[in-house]
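> See target.csv below, with CSV, C-alpha atoms.
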```
chain,number,residue,atom,x,y,z
A,85,MET,CA,-51.7,-79.2,258.4
A,86,SER,CA,-54.2,-81.3,260.3
A,87,ASN,CA,-57.6,-81.8,258.9
A,88,PRO,CA,-60.2,-79.1,259.9
A,89,ASP,CA,-63.1,-79.8,262.2
A,90,LYS,CA,-65.8,-81.0,259.8
A,91,SER,CA,-68.5,-79.3,261.8
A,92,ASN,CA,-66.8,-75.9,261.0
A,93,VAL,CA,-66.3,-76.6,257.3
A,94,THR,CA,-68.1,-74.4,254.7
A,95,VAL,CA,-68.3,-75.4,251.0
A,96,THR,CA,-69.1,-72.7,248.5
A,97,ARG,CA,-69.9,-74.3,245.1
A,98,TRP,CA,-69.1,-72.3,241.9
A,99,TRP,CA,-70.9,-73.3,238.7
A,100,TRP,CA,-69.2,-71.4,235.9
A,101,VAL,CA,-70.9,-71.3,232.5
A,102,ARG,CA,-69.2,-69.8,229.5
A,103,HIS,CA,-71.3,-67.6,227.2
A,104,ALA,CA,-72.9,-68.9,224.0
A,105,PRO,CA,-71.0,-68.8,220.7
A,106,VAL,CA,-70.4,-65.5,219.0
A,107,ARG,CA,-71.2,-65.6,215.2
A,108,SER,CA,-70.8,-62.0,214.2
A,109,ASP,CA,-67.1,-61.5,215.0
A,110,GLY,CA,-66.1,-61.9,211.3
A,111,GLY,CA,-63.1,-64.0,212.4
A,112,ASN,CA,-61.8,-61.2,214.5
A,113,ILE,CA,-60.6,-61.1,218.1
A,114,TYR,CA,-63.3,-59.4,220.3
A,115,GLY,CA,-62.0,-59.5,223.9
A,116,GLN,CA,-64.0,-56.9,225.8
A,117,ALA,CA,-66.0,-55.8,222.8
A,118,ASP,CA,-69.7,-55.9,223.8
A,119,ILE,CA,-70.7,-58.3,221.1
A,120,GLU,CA,-73.9,-60.5,220.9
A,121,CYS,CA,-74.0,-64.3,221.1
A,122,ASP,CA,-76.1,-66.9,219.4
A,123,THR,CA,-78.5,-68.6,221.8
A,124,GLY,CA,-80.6,-70.4,219.2
A,125,ASP,CA,-79.6,-74.0,220.0
A,126,THR,CA,-82.3,-74.6,222.6
A,127,GLU,CA,-81.4,-78.3,223.2
A,128,VAL,CA,-78.0,-77.2,224.5
A,129,PHE,CA,-79.5,-74.8,227.1
A,130,GLU,CA,-82.1,-77.4,228.1
A,131,ALA,CA,-79.2,-79.8,228.8
A,132,VAL,CA,-77.3,-77.2,230.9
A,133,ALA,CA,-80.5,-76.1,232.8
A,134,LYS,CA,-80.9,-79.7,234.0
A,135,ILE,CA,-77.6,-79.8,235.8
A,136,LEU,CA,-77.5,-76.4,237.4
A,137,PRO,CA,-78.8,-75.9,241.0
A,138,ARG,CA,-82.1,-74.2,241.5
A,139,ASN,CA,-81.4,-72.2,244.6
A,140,ALA,CA,-78.2,-70.5,243.5
A,141,VAL,CA,-77.2,-66.9,243.5
A,142,TRP,CA,-76.4,-65.6,240.0
A,143,TYR,CA,-73.4,-63.5,238.7
A,144,SER,CA,-72.3,-62.5,235.3
A,145,SER,CA,-69.9,-60.2,233.6
A,146,ASN,CA,-71.0,-56.7,232.5
A,147,LEU,CA,-70.9,-57.8,228.8
A,148,LYS,CA,-74.2,-58.6,227.2
A,149,ARG,CA,-73.2,-62.0,225.8
A,150,THR,CA,-73.2,-63.4,229.3
A,151,HIS,CA,-76.7,-61.8,230.0
A,152,GLN,CA,-78.1,-63.4,226.8
A,153,THR,CA,-76.7,-66.8,227.8
A,154,ALA,CA,-78.3,-66.5,231.3
A,155,GLU,CA,-81.6,-65.6,229.7
A,156,ALA,CA,-81.4,-68.6,227.4
A,157,ILE,CA,-80.9,-70.9,230.4
A,158,TRP,CA,-83.9,-69.4,232.2
A,159,ALA,CA,-86.0,-69.8,229.1
A,160,ALA,CA,-85.1,-73.5,229.1
A,161,ASP,CA,-87.6,-74.3,231.9
A,162,PHE,CA,-85.2,-73.0,234.6
A,163,PRO,CA,-86.6,-70.8,237.4
A,164,LYS,CA,-85.5,-67.2,236.8
A,165,PRO,CA,-83.7,-65.8,239.8
A,166,GLU,CA,-84.9,-62.5,241.4
A,167,SER,CA,-81.7,-60.9,240.4
A,168,MET,CA,-78.3,-61.4,238.8
A,169,THR,CA,-75.3,-59.3,239.8
A,170,GLN,CA,-73.2,-57.9,237.0
A,171,GLU,CA,-69.5,-58.1,238.0
A,172,ARG,CA,-67.1,-56.0,236.0
A,173,ASP,CA,-64.2,-58.0,237.3
A,174,PHE,CA,-65.6,-61.0,235.4
A,175,ALA,CA,-65.3,-59.3,232.0
A,176,GLU,CA,-63.1,-61.0,229.4
A,177,GLN,CA,-59.4,-59.9,229.1
A,178,HIS,CA,-59.1,-56.5,227.5
A,179,LEU,CA,-57.0,-57.2,224.4
A,180,GLY,CA,-56.4,-53.6,223.5
A,181,GLN,CA,-55.3,-53.0,219.9
A,182,TRP,CA,-55.7,-56.7,219.1
A,183,GLN,CA,-59.5,-56.4,219.4
A,184,GLY,CA,-60.9,-56.2,215.9
A,185,MET,CA,-57.8,-57.8,214.3
A,186,ASN,CA,-58.2,-61.0,212.3
A,187,ARG,CA,-57.6,-63.9,214.7
A,188,THR,CA,-55.7,-66.0,212.2
A,189,ALA,CA,-53.4,-63.2,211.1
A,190,LEU,CA,-52.5,-62.1,214.6
A,191,LEU,CA,-51.7,-65.7,215.8
A,192,ALA,CA,-49.5,-66.2,212.7
A,193,SER,CA,-47.5,-63.2,213.9
A,194,ARG,CA,-47.0,-64.6,217.4
A,195,PRO,CA,-44.6,-67.3,218.6
A,196,PRO,CA,-46.1,-70.8,217.9
A,197,GLY,CA,-47.4,-73.0,220.7
A,198,ASN,CA,-48.8,-70.4,223.0
A,199,ALA,CA,-51.7,-71.4,225.3
A,200,TRP,CA,-53.0,-67.9,225.1
A,201,PHE,CA,-52.5,-64.8,222.9
A,202,ALA,CA,-49.3,-63.9,224.7
A,203,ASP,CA,-47.2,-64.8,227.7
A,204,VAL,CA,-49.3,-64.4,230.9
A,205,ASN,CA,-47.3,-61.4,231.9
A,206,GLU,CA,-47.3,-59.7,228.5
A,207,PRO,CA,-50.1,-57.1,228.1
A,208,ALA,CA,-51.9,-56.6,224.8
A,209,PRO,CA,-50.9,-53.2,223.3
A,210,GLY,CA,-53.2,-50.8,225.0
A,211,GLY,CA,-54.9,-53.6,227.0
A,212,GLU,CA,-54.3,-56.1,229.8
A,213,SER,CA,-52.1,-59.1,230.3
A,214,PHE,CA,-53.6,-62.4,231.3
A,215,MET,CA,-52.1,-61.8,234.8
A,216,ASP,CA,-54.1,-58.6,235.0
A,217,LEU,CA,-57.2,-60.6,234.2
A,218,TYR,CA,-56.3,-63.3,236.7
A,219,THR,CA,-55.7,-60.8,239.5
A,220,ARG,CA,-59.1,-59.1,239.1
A,221,VAL,CA,-61.0,-62.4,238.7
A,222,CYS,CA,-59.3,-63.8,241.9
A,223,ARG,CA,-60.1,-60.6,243.7
A,224,ALA,CA,-63.8,-60.9,242.9
A,225,ILE,CA,-63.9,-64.6,243.7
A,226,VAL,CA,-62.4,-64.0,247.2
A,227,ARG,CA,-64.9,-61.2,247.8
A,228,ILE,CA,-67.9,-63.3,246.6
A,229,ASN,CA,-66.7,-66.3,248.6
A,230,ALA,CA,-67.0,-64.2,251.7
A,231,LYS,CA,-70.4,-62.7,250.8
A,232,GLU,CA,-72.0,-66.0,249.5
A,233,SER,CA,-70.3,-68.4,251.8
A,234,GLY,CA,-71.9,-71.9,251.8
A,235,LYS,CA,-74.1,-71.2,248.7
A,236,ASP,CA,-74.3,-72.3,245.1
A,237,VAL,CA,-72.9,-69.6,242.9
A,238,ILE,CA,-73.7,-69.7,239.2
A,239,ALA,CA,-71.4,-67.4,237.3
A,240,VAL,CA,-71.8,-66.8,233.5
A,241,GLY,CA,-68.5,-65.7,232.2
A,242,HIS,CA,-65.9,-65.9,229.5
A,243,GLY,CA,-63.2,-68.4,228.4
A,244,GLY,CA,-60.3,-66.4,229.8
A,245,VAL,CA,-62.2,-65.7,233.1
A,246,ILE,CA,-63.0,-69.4,233.7
A,247,ARG,CA,-59.5,-70.4,232.9
A,248,ALA,CA,-58.3,-67.9,235.5
A,249,ALA,CA,-60.7,-69.4,238.1
A,250,VAL,CA,-59.4,-72.9,237.3
A,251,GLY,CA,-55.8,-71.6,237.8
A,252,LEU,CA,-56.8,-70.2,241.2
A,253,ALA,CA,-58.4,-73.6,242.1
A,254,LEU,CA,-55.2,-75.4,241.1
A,255,GLY,CA,-53.3,-73.6,243.8
A,256,GLY,CA,-52.8,-70.2,242.2
A,257,GLN,CA,-51.2,-71.3,239.0
A,258,PRO,CA,-52.7,-69.3,236.1
A,259,GLU,CA,-50.5,-71.0,233.5
A,260,ARG,CA,-52.0,-74.3,234.4
A,261,GLY,CA,-55.5,-72.9,234.1
A,262,LEU,CA,-54.7,-71.9,230.5
A,263,SER,CA,-54.1,-75.6,229.7
A,264,PHE,CA,-57.9,-76.3,229.8
A,265,ASP,CA,-60.4,-76.0,227.0
A,266,ILE,CA,-63.5,-74.1,228.0
A,267,ASP,CA,-66.3,-74.6,225.4
A,268,ASN,CA,-69.3,-72.4,224.8
A,269,VAL,CA,-72.1,-73.0,227.3
A,270,SER,CA,-69.9,-75.6,229.1
A,271,VAL,CA,-70.2,-75.9,232.9
A,272,THR,CA,-67.2,-75.9,235.2
A,273,ARG,CA,-67.7,-76.7,238.9
A,274,LEU,CA,-65.2,-75.4,241.4
A,275,ASP,CA,-65.8,-75.9,245.2
A,276,HIS,CA,-64.2,-73.6,247.8
A,277,ILE,CA,-63.7,-75.4,251.1
A,278,ALA,CA,-63.1,-73.2,254.1
A,279,ALA,CA,-62.7,-73.7,257.9
A,280,PRO,CA,-60.9,-71.6,260.6
A,281,GLY,CA,-57.3,-71.4,259.4
A,282,PHE,CA,-58.0,-73.6,256.4
A,283,SER,CA,-58.8,-72.8,252.7
A,284,THR,CA,-58.6,-75.0,249.7
A,285,TRP,CA,-60.4,-75.9,246.4
A,286,ARG,CA,-61.5,-79.0,244.7
A,287,LEU,CA,-62.5,-79.4,241.0
A,288,PRO,CA,-65.5,-81.7,240.6
A,289,MET,CA,-65.7,-81.0,236.8
A,290,VAL,CA,-64.2,-78.8,234.1
A,291,ASN,CA,-65.7,-78.1,230.7
A,292,GLN,CA,-68.7,-80.4,231.2
A,293,GLN,CA,-70.9,-80.5,228.1
A,294,PRO,CA,-74.1,-82.3,228.9
A,295,TRP,CA,-75.2,-82.2,225.2
A,296,ILE,CA,-71.9,-83.7,223.8
A,297,ALA,CA,-73.3,-87.1,222.8
A,298,ASP,CA,-75.2,-85.4,219.9
A,299,PRO,CA,-72.9,-84.3,217.0
A,300,ARG,CA,-75.5,-81.7,215.9
A,301,HIS,CA,-74.2,-79.4,218.6
A,302,ALA,CA,-70.5,-79.5,217.6
A,303,ALA,CA,-70.7,-75.7,216.8
A,304,MET,CA,-70.6,-75.1,220.6
A,305,HIS,CA,-66.9,-75.2,220.4
A,306,GLN,CA,-65.4,-71.8,219.5
A,307,PRO,CA,-61.9,-70.6,220.5
A,308,SER,CA,-61.5,-68.3,223.4
A,309,GLY,CA,-57.8,-68.2,223.0
A,310,PRO,CA,-55.3,-69.4,220.3
A,311,GLU,CA,-56.5,-73.1,220.4
A,312,VAL,CA,-54.9,-75.3,217.7
A,313,ARG,CA,-57.4,-77.7,216.1
A,314,PRO,CA,-56.7,-80.7,214.0
A,315,ALA,CA,-57.6,-80.3,210.3
A,316,GLY,CA,-61.3,-80.7,209.7
A,317,LYS,CA,-62.3,-79.6,213.2
A,318,LEU,CA,-64.2,-76.4,213.9
A,319,ALA,CA,-61.9,-73.5,214.8
```
Hey, can you dump this file as structure tokens for me?


Amino acid sequence: MSNPDKSNVTVTRWWWVRHAPVRSDGGNIYGQADIECDTGDTEVFEAVAKILPRNAVWYSSNLKRTHQTAEAIWAADFPKPESMTQERDFAEQHLGQWQGMNRTALLASRPPGNAWFADVNEPAPGGESFMDLYTRVCRAIVRINAKESGKDVIAVGHGGVIRAAVGLALGGQPERGLSFDIDNVSVTRLDHIAAPGFSTWRLPMVNQQPWIADPRHAAMHQPSGPEVRPAGKLA
């Protein structure tokens, strides 16, 4: 395909932020459970606030941990937007009967080496598969790209949701999106480039952590899937 006419190119910049850490899960899987997060580490939110664009439109999932995370960013000397759209399609994967189960025990019962709780096409009992999540996230991104074309979009979401967005940006390969770590409050930038007869993505940054030089903030890493951590690391 020939290069598009640059005068007709539109770039929509997505700034994904994963919600702050959840401390009250008791070591259990929470999925779509509407559980609170910990926004007490103000230095982390101050660092994130410095790199986000000021004139963006804001989206979040319908789960309160994303709303609390957005509020913490706004409290870190970031101009609060007039509104933030709650997007149900940006909710975390519904993990059905696995929600409320001990994370370690469930993962011990699953085949080793998975990048997620199950194969992308395997639904949780009474819940969704990762492909179900991927499909609804992509549907929402396509719709918002059309509505907010050419703008900066800040979307506060979840580990699985942001991995799905990365998989879309990698050419529609959800399994590859699952290869990435997405830490709490990290920023992932995905740019959608569109022109007549042309559509593609670029990935300026994934899992950016502007506070990372300070070891005091190591607790910002919490698993959003079955991550395997070396001994001595936070899990």

> Rank A:Val240, A:Val141, A:Val128, A:Ala230 by their smallest atom-to-atom distance to His276 of chain A, using only C-alpha atoms, and report the top residue only.

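Counting only C-alpha atoms, the residue closest to His276 of chain A is A:Ala230.
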
> How far is it from atom CA of Lys148 of chain A to atom CA of Ile119 of chain A, in Å with one decimal?

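According to the coordinates, atom CA of Lys148 of chain A and atom CA of Ile119 of chain A are separated by 7.0 Å.
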
> How many Å lie between atom CA of Ala199 of chain A and atom CA of Leu252 of chain A, rounded to one decimal?

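Spanning atom CA of Ala199 of chain A to atom CA of Leu252 of chain A is a straight-line distance of 16.7 Å.
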
> Could you check which residues have any atom within 7 Å of (-50.0, -63.1, 227.2), counting all atoms listed in the file with coordinates taken straight from the file, and then list them as a PyMOL selection string?

chain A and resi 200-207+213-214

> With C-alpha atoms kept, could you save the residues just selected as a PDB file, in the coordinates of the input?


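As written to disk, again_28.pdb reads:
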```
ATOM      1  CA  TRP A 200     -53.000 -67.900 225.100  1.00  0.00           C
ATOM      2  CA  PHE A 201     -52.500 -64.800 222.900  1.00  0.00           C
ATOM      3  CA  ALA A 202     -49.300 -63.900 224.700  1.00  0.00           C
ATOM      4  CA  ASP A 203     -47.200 -64.800 227.700  1.00  0.00           C
ATOM      5  CA  VAL A 204     -49.300 -64.400 230.900  1.00  0.00           C
ATOM      6  CA  ASN A 205     -47.300 -61.400 231.900  1.00  0.00           C
ATOM      7  CA  GLU A 206     -47.300 -59.700 228.500  1.00  0.00           C
ATOM      8  CA  PRO A 207     -50.100 -57.100 228.100  1.00  0.00           C
ATOM      9  CA  SER A 213     -52.100 -59.100 230.300  1.00  0.00           C
ATOM     10  CA  PHE A 214     -53.600 -62.400 231.300  1.00  0.00           C
TER      11      PHE A 214
END
```

> Work out how far apart atom CA of Gly211 of chain A and atom CA of Val237 of chain A are and give it in Å to one decimal.

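The value is 28.9 Å.
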
> Contacts of Gly234 of chain A at 6 Å or less, counting only C-alpha atoms, minus same-chain residues fewer than 2 places along, as a PyMOL selection string?

chain A and resi 94-96

> Could you make a table, as a Markdown table, of the residues of segment 196-276 of chain A that have an atom within 9 Å of an atom of segment 176-187 of chain A, each with its nearest atom pair and distance in Å to one decimal, counting only C-alpha atoms, in chain and number order?


```
| residue | atom | partner | partner_atom | distance |
| --- | --- | --- | --- | --- |
| A:Phe201 | CA | A:Leu179 | CA | 9.0 |
| A:Pro207 | CA | A:Leu179 | CA | 7.8 |
| A:Ala208 | CA | A:Leu179 | CA | 5.2 |
| A:Pro209 | CA | A:Gly180 | CA | 5.5 |
| A:Gly210 | CA | A:Gly180 | CA | 4.5 |
| A:Gly211 | CA | A:Gly180 | CA | 3.8 |
| A:Glu212 | CA | A:His178 | CA | 5.3 |
| A:Ser213 | CA | A:Gln177 | CA | 7.4 |
| A:Phe214 | CA | A:Gln177 | CA | 6.7 |
| A:Asp216 | CA | A:Gln177 | CA | 8.0 |
| A:Leu217 | CA | A:Gln177 | CA | 5.6 |
| A:Tyr218 | CA | A:Gln177 | CA | 8.9 |
| A:Gly241 | CA | A:Glu176 | CA | 7.7 |
| A:His242 | CA | A:Glu176 | CA | 5.6 |
| A:Gly243 | CA | A:Glu176 | CA | 7.5 |
| A:Gly244 | CA | A:Glu176 | CA | 6.1 |
| A:Val245 | CA | A:Glu176 | CA | 6.0 |
```

> I'd like the neighbourhood of Arg138 of chain A as a VMD selection string, where a residue qualifies if any of its atoms comes within 10 Å (using all atoms listed in the file), though same-chain residues fewer than 5 positions away should be ignored.

chain A and resid 133 162 to 165 236 238
